[in-house]
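Enquirer: So here's final38.csv, just CSV, C-alpha atoms:
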chain,number,residue,atom,x,y,z
O,1153,MET,CA,17.6,4.3,16.5
O,1154,LEU,CA,16.3,2.9,19.8
O,1155,PRO,CA,15.6,5.5,22.6
O,1156,GLU,CA,18.1,3.9,25.0
O,1157,THR,CA,20.9,4.3,22.5
O,1158,LEU,CA,19.9,8.0,21.9
O,1159,ILE,CA,19.9,8.6,25.7
O,1160,LEU,CA,23.3,7.0,26.0
O,1161,LEU,CA,24.6,9.4,23.3
O,1162,VAL,CA,23.2,12.3,25.2
O,1163,VAL,CA,24.9,11.0,28.4
O,1164,LEU,CA,28.2,10.7,26.5
O,1165,ALA,CA,27.9,14.2,25.0
O,1166,SER,CA,27.2,15.6,28.5
O,1167,LEU,CA,30.3,13.8,29.8
O,1168,VAL,CA,32.4,15.3,27.0
O,1169,LEU,CA,31.1,18.8,27.7
O,1170,TYR,CA,31.7,18.4,31.5
O,1171,ALA,CA,35.2,17.1,30.9
O,1172,VAL,CA,36.3,19.9,28.6
O,1173,LEU,CA,34.5,22.8,30.4
O,1174,ALA,CA,34.5,21.9,34.1
O,1175,GLY,CA,37.8,20.0,33.6
O,1176,ALA,CA,39.5,23.3,32.7
O,1177,ASP,CA,38.0,25.0,35.7
O,1178,PHE,CA,39.3,22.2,37.9
O,1179,GLY,CA,42.6,22.6,36.2
O,1180,ALA,CA,42.8,26.2,37.4
O,1181,GLY,CA,42.8,24.9,41.0
O,1182,VAL,CA,45.2,22.0,40.1
O,1183,TRP,CA,47.7,24.7,39.0
O,1184,GLU,CA,47.2,26.5,42.3
O,1185,PHE,CA,47.9,23.2,44.1
O,1186,THR,CA,50.9,22.2,42.0
O,1187,THR,CA,52.5,25.6,42.3
O,1188,ALA,CA,52.1,25.4,46.1
O,1189,LEU,CA,49.9,28.6,46.1
O,1190,GLN,CA,53.0,30.6,44.9
O,1191,ALA,CA,51.2,32.3,42.0
O,1192,THR,CA,51.6,36.0,41.6
O,1193,GLU,CA,48.7,38.4,42.0
O,1194,ARG,CA,48.5,38.9,38.2
O,1195,GLU,CA,48.5,35.1,37.7
O,1196,ARG,CA,45.7,34.7,40.1
O,1197,SER,CA,43.8,37.6,38.5
O,1198,LEU,CA,44.0,35.8,35.1
O,1199,LEU,CA,43.3,32.4,36.7
O,1200,TYR,CA,40.2,33.4,38.7
O,1201,GLY,CA,39.0,35.8,36.0
O,1202,ALA,CA,39.1,33.1,33.4
O,1203,ILE,CA,36.7,30.8,35.2
O,1204,GLY,CA,34.6,33.8,36.3
O,1205,PRO,CA,30.8,33.4,36.7
O,1206,VAL,CA,30.5,30.3,34.5
O,1207,TRP,CA,32.5,27.8,36.6
O,1208,GLU,CA,29.5,26.6,38.6
O,1209,ALA,CA,27.2,26.5,35.5
O,1210,ASN,CA,29.4,23.8,34.0
O,1211,HIS,CA,28.1,21.3,36.6
O,1212,VAL,CA,24.8,21.2,34.8
O,1213,TRP,CA,26.3,18.6,32.5
O,1214,LEU,CA,27.2,16.3,35.5
O,1215,ILE,CA,23.6,16.8,36.7
O,1216,PHE,CA,22.4,15.7,33.2
O,1217,VAL,CA,24.4,12.5,33.4
O,1218,LEU,CA,23.2,11.6,36.9
O,1219,VAL,CA,19.5,12.3,36.2
O,1220,LEU,CA,19.5,10.5,32.8
O,1221,MET,CA,21.3,7.4,34.2
O,1222,ALA,CA,19.0,7.2,37.3
O,1223,SER,CA,15.9,7.5,35.1
O,1224,ALA,CA,16.8,5.5,32.0
O,1225,PHE,CA,19.2,2.9,33.5
O,1226,PRO,CA,18.3,2.6,37.1
O,1227,ALA,CA,20.0,-0.8,37.7
O,1228,ALA,CA,23.3,0.5,36.3
O,1229,PHE,CA,23.0,3.7,38.3
O,1230,ALA,CA,22.3,1.8,41.5
O,1231,ALA,CA,25.2,-0.6,40.9
O,1232,ALA,CA,27.7,2.2,40.2
O,1233,CYS,CA,26.6,4.2,43.3
O,1234,SER,CA,26.9,1.1,45.5
O,1235,ALA,CA,30.3,0.1,44.2
O,1236,LEU,CA,31.7,3.7,43.9
O,1237,TRP,CA,30.2,5.4,46.8
O,1238,ILE,CA,33.5,6.3,48.4
O,1239,PRO,CA,35.2,7.9,45.3
O,1240,LEU,CA,31.9,9.6,44.3
O,1241,LEU,CA,31.4,11.0,47.8
O,1242,LEU,CA,35.0,12.3,47.8
O,1243,ALA,CA,34.5,13.9,44.4
O,1244,LEU,CA,31.3,15.5,45.6
O,1245,ALA,CA,33.2,16.8,48.7
O,1246,GLY,CA,35.8,18.2,46.3
O,1247,ILE,CA,33.2,20.0,44.3
O,1248,VAL,CA,31.5,21.5,47.4
O,1249,PHE,CA,34.6,22.6,49.2
O,1250,ARG,CA,36.0,24.0,46.0
O,1251,GLY,CA,33.0,26.4,45.9
O,1252,VAL,CA,33.4,27.1,49.6
O,1253,GLY,CA,37.1,28.0,49.1
O,1254,TYR,CA,36.4,30.1,46.1
O,1255,ALA,CA,33.6,32.1,47.8
O,1256,PHE,CA,35.2,32.5,51.2
O,1257,ARG,CA,38.4,33.7,49.7
O,1258,SER,CA,36.6,36.5,48.0
O,1259,TYR,CA,35.4,37.8,51.4
O,1260,ALA,CA,38.8,37.5,53.0
O,1261,ALA,CA,40.3,40.5,51.2
O,1262,GLY,CA,43.1,41.9,53.4
O,1263,ALA,CA,43.2,38.9,55.7
O,1264,VAL,CA,46.4,37.2,54.5
O,1265,ARG,CA,46.0,34.0,56.6
O,1266,GLN,CA,42.4,33.5,55.7
O,1267,GLN,CA,43.1,34.0,52.0
O,1268,ALA,CA,45.9,31.4,52.2
O,1269,LEU,CA,43.6,29.0,54.1
O,1270,TRP,CA,40.7,29.3,51.7
O,1271,GLY,CA,43.0,29.4,48.7
O,1272,GLY,CA,44.5,26.1,49.9
O,1273,VAL,CA,41.0,24.6,50.3
O,1274,PHE,CA,40.1,25.7,46.7
O,1275,ALA,CA,43.3,24.2,45.3
O,1276,LEU,CA,43.1,20.9,47.2
O,1277,ALA,CA,39.4,20.4,46.5
O,1278,SER,CA,39.9,21.3,42.8
O,1279,THR,CA,42.5,18.6,42.5
O,1280,ALA,CA,40.5,16.0,44.5
O,1281,ALA,CA,37.4,16.3,42.5
O,1282,PRO,CA,38.8,15.2,39.1
O,1283,PHE,CA,41.1,12.7,40.8
O,1284,PHE,CA,38.2,10.8,42.3
O,1285,LEU,CA,35.9,11.2,39.3
O,1286,GLY,CA,38.7,9.8,37.2
O,1287,ALA,CA,39.1,6.9,39.6
O,1288,SER,CA,35.4,6.2,39.3
O,1289,ALA,CA,35.6,6.1,35.5
O,1290,GLY,CA,38.6,3.9,35.6
O,1291,ALA,CA,37.0,1.4,38.0
O,1292,ILE,CA,34.0,1.1,35.6
O,1293,ALA,CA,36.3,0.8,32.6
O,1294,SER,CA,38.4,-1.9,34.2
O,1295,GLY,CA,35.4,-4.3,34.4
O,1296,SER,CA,36.5,-5.5,37.8
O,1297,LEU,CA,33.5,-4.3,39.8
O,1298,ALA,CA,31.7,-7.2,41.3
O,1299,VAL,CA,28.3,-6.4,40.0
O,1300,ALA,CA,25.6,-9.1,39.4
O,1301,GLU,CA,23.2,-9.1,36.5
O,1302,SER,CA,20.5,-8.0,38.9
O,1303,GLY,CA,22.4,-4.8,39.6
O,1304,ARG,CA,23.5,-5.8,43.1
O,1305,PHE,CA,27.1,-5.0,44.0
O,1306,GLU,CA,28.6,-8.1,45.7
O,1307,GLY,CA,32.1,-6.8,46.2
O,1308,ASP,CA,34.0,-4.9,48.9
O,1309,PHE,CA,32.1,-1.6,49.5
O,1310,VAL,CA,35.3,0.0,50.8
O,1311,LEU,CA,38.1,-1.1,48.5
O,1312,GLY,CA,36.2,-2.8,45.7
O,1313,TRP,CA,36.7,0.2,43.4
O,1314,LEU,CA,40.5,0.2,43.7
O,1315,SER,CA,42.4,-1.2,40.7
O,1316,PRO,CA,45.6,-0.3,38.8
O,1317,LEU,CA,43.4,1.2,36.0
O,1318,SER,CA,41.3,3.2,38.4
O,1319,LEU,CA,44.4,4.7,40.1
O,1320,PHE,CA,45.9,5.5,36.7
O,1321,SER,CA,42.7,7.1,35.5
O,1322,ALA,CA,42.6,9.3,38.6
O,1323,PHE,CA,46.0,10.8,37.8
O,1324,PHE,CA,45.3,10.9,34.1
O,1325,ALA,CA,42.1,13.0,34.8
O,1326,VAL,CA,44.1,15.5,36.9
O,1327,GLY,CA,46.7,15.7,34.1
O,1328,ILE,CA,44.0,16.4,31.5
O,1329,CYS,CA,42.5,19.1,33.6
O,1330,ALA,CA,45.8,20.8,34.1
O,1331,TYR,CA,46.5,20.6,30.4
O,1332,LEU,CA,43.2,22.1,29.4
O,1333,ALA,CA,43.5,24.9,31.9
O,1334,ALA,CA,47.1,25.8,30.8
O,1335,VAL,CA,46.0,25.9,27.2
O,1336,TYR,CA,43.0,28.1,27.9
O,1337,LEU,CA,44.9,30.4,30.2
O,1338,ALA,CA,47.7,30.8,27.6
O,1339,ARG,CA,45.0,32.0,25.2
O,1340,GLU,CA,43.4,34.3,27.9
O,1341,ALA,CA,46.8,35.8,28.6
O,1342,TYR,CA,47.5,36.4,24.9
O,1343,GLN,CA,44.1,38.1,24.4
O,1344,ALA,CA,44.8,40.3,27.4
O,1345,SER,CA,48.3,41.2,26.1
O,1346,GLU,CA,50.0,39.8,29.2
O,1347,HIS,CA,53.1,38.7,27.4
O,1348,ASP,CA,55.0,37.4,30.4
O,1349,LEU,CA,52.0,35.3,31.4
O,1350,VAL,CA,51.7,34.0,27.9
O,1351,ALA,CA,55.2,32.6,28.0
O,1352,ARG,CA,54.6,31.1,31.4
O,1353,TRP,CA,51.3,29.4,30.6
O,1354,ARG,CA,52.5,28.3,27.1
O,1355,GLN,CA,55.5,26.6,28.7
O,1356,ARG,CA,53.2,24.9,31.2
O,1357,ALA,CA,50.8,23.8,28.5
O,1358,LEU,CA,53.6,22.3,26.4
O,1359,SER,CA,55.2,20.4,29.2
O,1360,THR,CA,51.9,19.1,30.6
O,1361,GLY,CA,50.7,18.2,27.1
O,1362,LEU,CA,53.7,16.1,26.5
O,1363,TRP,CA,53.3,14.3,29.8
O,1364,VAL,CA,49.6,13.7,29.1
O,1365,GLY,CA,50.5,12.3,25.7
O,1366,VAL,CA,53.0,9.8,27.3
O,1367,LEU,CA,50.3,8.9,29.8
O,1368,SER,CA,47.8,8.3,27.0
O,1369,VAL,CA,50.1,5.7,25.4
O,1370,ALA,CA,50.7,4.1,28.8
O,1371,GLY,CA,47.0,4.1,29.4
O,1372,LEU,CA,46.3,2.1,26.2
O,1373,ALA,CA,48.9,-0.5,27.3
O,1374,MET,CA,47.3,-0.7,30.8
O,1375,VAL,CA,43.8,-1.2,29.2
O,1376,ALA,CA,45.3,-4.0,27.1
O,1377,MET,CA,46.6,-5.7,30.2
O,1378,GLU,CA,43.9,-4.9,32.8
O,1379,ALA,CA,40.7,-4.5,30.8
O,1380,LYS,CA,40.8,-7.0,27.9
O,1381,PRO,CA,37.0,-6.7,27.0
O,1382,LEU,CA,37.4,-2.9,26.7
O,1383,TRP,CA,40.6,-3.3,24.7
O,1384,ARG,CA,38.8,-5.6,22.2
O,1385,GLY,CA,36.0,-3.1,21.9
O,1386,LEU,CA,38.5,-0.3,21.3
O,1387,ALA,CA,40.2,-2.4,18.6
O,1388,LEU,CA,36.8,-3.0,16.9
O,1389,ARG,CA,35.0,0.3,17.3
O,1390,GLY,CA,37.4,2.8,19.0
O,1391,LEU,CA,40.3,3.0,16.6
O,1392,PRO,CA,38.9,6.1,14.7
O,1393,PHE,CA,38.5,7.9,18.0
O,1394,MET,CA,42.0,7.0,19.2
O,1395,GLY,CA,43.4,8.2,15.9
O,1396,CYS,CA,41.4,11.5,16.2
O,1397,SER,CA,42.7,12.0,19.8
O,1398,LEU,CA,46.3,11.5,18.7
O,1399,ALA,CA,45.9,13.9,15.8
O,1400,ALA,CA,44.1,16.5,17.9
O,1401,GLY,CA,46.7,16.2,20.6
O,1402,ILE,CA,49.6,16.7,18.2
O,1403,PHE,CA,47.8,19.6,16.5
O,1404,SER,CA,47.3,21.4,19.9
O,1405,LEU,CA,51.0,21.0,20.8
O,1406,TRP,CA,52.0,22.3,17.3
O,1407,ALA,CA,49.7,25.2,17.7
O,1408,LEU,CA,51.1,26.0,21.1
O,1409,TRP,CA,54.6,25.8,19.7
O,1410,LYS,CA,53.6,28.2,16.9
O,1411,MET,CA,51.8,30.5,19.4
O,1412,ARG,CA,48.4,29.9,17.7
O,1413,PHE,CA,46.4,29.8,20.9
O,1414,THR,CA,42.9,29.7,19.5
O,1415,ALA,CA,43.9,26.7,17.4
O,1416,ALA,CA,45.4,25.1,20.5
O,1417,ALA,CA,42.2,25.8,22.4
O,1418,VAL,CA,40.3,23.8,19.8
O,1419,GLY,CA,42.7,20.9,19.5
O,1420,ALA,CA,43.1,20.3,23.2
O,1421,PRO,CA,39.4,19.7,24.1
O,1422,ALA,CA,39.0,17.8,20.8
O,1423,ALA,CA,41.7,15.3,22.0
O,1424,VAL,CA,40.0,14.9,25.3
O,1425,ALA,CA,36.6,14.5,23.7
O,1426,ALA,CA,37.9,11.8,21.4
O,1427,VAL,CA,39.2,9.8,24.4
O,1428,LEU,CA,35.8,9.8,26.1
O,1429,LEU,CA,34.0,9.0,22.8
O,1430,GLY,CA,36.4,6.1,22.2
O,1431,TRP,CA,35.8,4.8,25.7
O,1432,GLY,CA,32.1,4.9,25.1
O,1433,ALA,CA,32.4,3.1,21.7
O,1434,GLY,CA,34.7,0.5,23.1
O,1435,GLN,CA,32.6,-0.3,26.1
O,1436,TYR,CA,29.2,-0.4,24.3
O,1437,PRO,CA,26.8,-2.1,24.8
O,1438,LEU,CA,28.0,-2.6,28.4
O,1439,ILE,CA,27.3,0.2,30.9
O,1440,VAL,CA,28.8,-1.3,34.1
O,1441,PRO,CA,30.9,-4.2,32.9
O,1442,PRO,CA,31.0,-7.1,33.0
O,1443,ALA,CA,27.4,-7.8,33.9
O,1444,LEU,CA,25.2,-4.8,33.1
O,1445,SER,CA,24.5,-4.0,29.5
O,1446,VAL,CA,22.1,-1.5,27.9
O,1447,GLU,CA,19.5,-4.3,27.5
O,1448,THR,CA,19.7,-5.6,31.1
O,1449,ALA,CA,19.8,-2.2,32.8
O,1450,ARG,CA,17.3,-0.2,30.7
O,1451,ALA,CA,14.0,1.2,32.1
O,1452,PRO,CA,10.6,0.3,30.5
O,1453,GLU,CA,10.0,1.7,27.0
O,1454,ALA,CA,7.5,4.3,28.1
O,1455,VAL,CA,10.0,5.7,30.6
O,1456,LEU,CA,12.8,5.8,28.1
O,1457,ARG,CA,10.7,7.7,25.6
O,1458,ALA,CA,9.7,10.3,28.2
O,1459,VAL,CA,13.3,10.7,29.4
O,1460,LEU,CA,14.5,11.1,25.9
O,1461,TRP,CA,12.1,13.9,25.1
O,1462,VAL,CA,12.9,15.7,28.4
O,1463,ALA,CA,16.6,15.3,27.8
O,1464,LEU,CA,16.4,16.7,24.3
O,1465,GLY,CA,14.2,19.6,25.4
O,1466,GLY,CA,16.6,20.3,28.3
O,1467,MET,CA,19.6,20.5,25.9
O,1468,VAL,CA,17.7,22.8,23.5
O,1469,LEU,CA,17.3,25.2,26.4
O,1470,THR,CA,20.6,24.7,28.2
O,1471,ILE,CA,23.1,24.8,25.3
O,1472,PRO,CA,22.1,28.2,23.9
O,1473,SER,CA,21.9,29.7,27.4
O,1474,LEU,CA,25.4,28.6,28.4
O,1475,ALA,CA,26.7,29.7,25.0
O,1476,TYR,CA,25.3,33.1,25.5
O,1477,LEU,CA,26.7,33.3,29.0
O,1478,PHE,CA,30.2,32.4,27.7
O,1479,TYR,CA,29.7,35.0,24.9
O,1480,LEU,CA,28.8,37.8,27.3
O,1481,PHE,CA,31.7,36.9,29.6
O,1482,LYS,CA,34.3,36.9,26.9
O,1483,ILE,CA,33.1,40.2,25.5
O,1484,ASP,CA,33.4,41.7,29.0
O,1485,ARG,CA,36.9,40.3,29.5
O,1486,ARG,CA,38.2,41.6,26.1
O,1487,LYS,CA,37.4,45.1,27.2
O,1488,ARG,CA,39.9,45.1,30.0
O,1489,PRO,CA,43.3,43.6,30.6
O,1490,SER,CA,43.5,40.8,33.1
O,1491,HIS,CA,45.1,42.9,35.9
O,1492,GLU,CA,42.0,45.1,35.9
O,1493,ILE,CA,39.6,42.2,36.2
O,1494,PRO,CA,38.6,41.5,39.9
O,1495,TYR,CA,39.0,37.9,41.1
O,1496,ALA,CA,38.2,36.0,44.2
O,1497,GLY,CA,40.6,37.4,46.7
O,1498,THR,CA,40.3,41.1,46.1
O,1499,ALA,CA,37.9,43.6,47.6
O,1500,ALA,CA,36.6,44.4,44.1
O,1501,SER,CA,35.3,40.9,43.6
O,1502,PRO,CA,31.7,40.7,45.0
O,1503,GLY,CA,31.5,37.1,45.9
O,1504,LEU,CA,31.4,34.9,42.8
O,1505,ARG,CA,30.7,37.7,40.3
O,1506,ARG,CA,27.4,36.1,39.4
Please lay out the structure from this file as structure tokens.
Expert:
Amino acid sequence: MLPETLILLVVLASLVLYAVLAGADFGAGVWEFTTALQATERERSLLYGAIGPVWEANHVWLIFVLVLMASAFPAAFAAACSALWIPLLLALAGIVFRGVGYAFRSYAAGAVRQQALWGGVFALASTAAPFFLGASAGAIASGSLAVAESGRFEGDFVLGWLSPLSLFSAFFAVGICAYLAAVYLAREAYQASEHDLVARWRQRALSTGLWVGVLSVAGLAMVAMEAKPLWRGLALRGLPFMGCSLAAGIFSLWALWKMRFTAAAVGAPAAVAAVLLGWGAGQYPLIVPPALSVETARAPEAVLRAVLWVALGGMVLTIPSLAYLFYLFKIDRRKRPSHEIPYAGTAASPGLRR
């Protein structure tokens, strides 16, 4: 297999991991936003405790994607940054201000107004980040970006990223994050024996999952109308992934209905992963359609081989480290019920609990 293809697989795997891990963390803030910051103290304890010290670590996968694309496919990276600088900048602002709101809230214990202010910043930024990341992905998938074969963006630098598919993808990304968070939080509440919170998050997960399922079907129809090259690619190479996503989504909803939360926490990210894998398979070999393909955007062979070895070495170090971090954190949480776990917003929470 050619090095550029292997690098693309690493990029796609990193996107999947970022979506299912950081997406759930974003979803915690999305629920704060959609409930108008009316969550109870026990809900916030569960919510903030669930993301704990690992929420920033999840951004390592986004860094993987950016570094690999800039090094291995510089023309595609430059074109995407030129065409999508507004949504990407807004997504970055969401990531930064989300951290600011999370941290400052933890030092505002006892100050009700400041807690409300920084809680609002956290919720709004957590919703904005996946919204604009989803819009960026939708703009690329639509194939409507005015990118030349040289990698130069020749469209409108302000509004060129807007399309029906990019706006749909923005809301769809927020819905996915909300669904993942609700599923994971239902499981967290079950493990902490918080029975009233189990019922609340289970209901939210079921209702959100049904809506996301409806949006998935609508999204396929929109791709068929707005992005015909991608639709043809999905019909040729993406059908197995679409089938896996449908099966995993139905399985996660069934598991939620039967209160089998660990199974639901496996099915939900599997459904999301299959969507991203299907997108990658359907769009291949294009990176930034309609002009930039793997062949036209690739770096020289020597650079690709060096990047591949560095990427594989980085994943060998990163994956076990993050897995061990998750393991330690879950062991700590299982020792105490959620109402005894400090979160950002109480005096017992020292900053970000890192």
Enquirer: Taking only C-alpha atoms into account, which of O:Pro1155, O:Gly1290, O:Pro1442, O:Gly1179 comes nearest O:Arg1356?
Expert: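 Of O:Pro1155, O:Gly1290, O:Pro1442, O:Gly1179, the one nearest O:Arg1356, counting only C-alpha atoms, is O:Gly1179.
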Enquirer: Could you state the separation of atom CA of O:Trp1409 and atom CA of O:Phe1478 in Å, given to one decimal place?
Expert: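 We find that atom CA of O:Trp1409 and atom CA of O:Phe1478 lie 26.5 Å from each other.
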Enquirer: Grab the atom CA of O:Ser1368 to atom CA of O:Ala1171 distance for me, in Å with one decimal place.
Expert: 15.9 Å
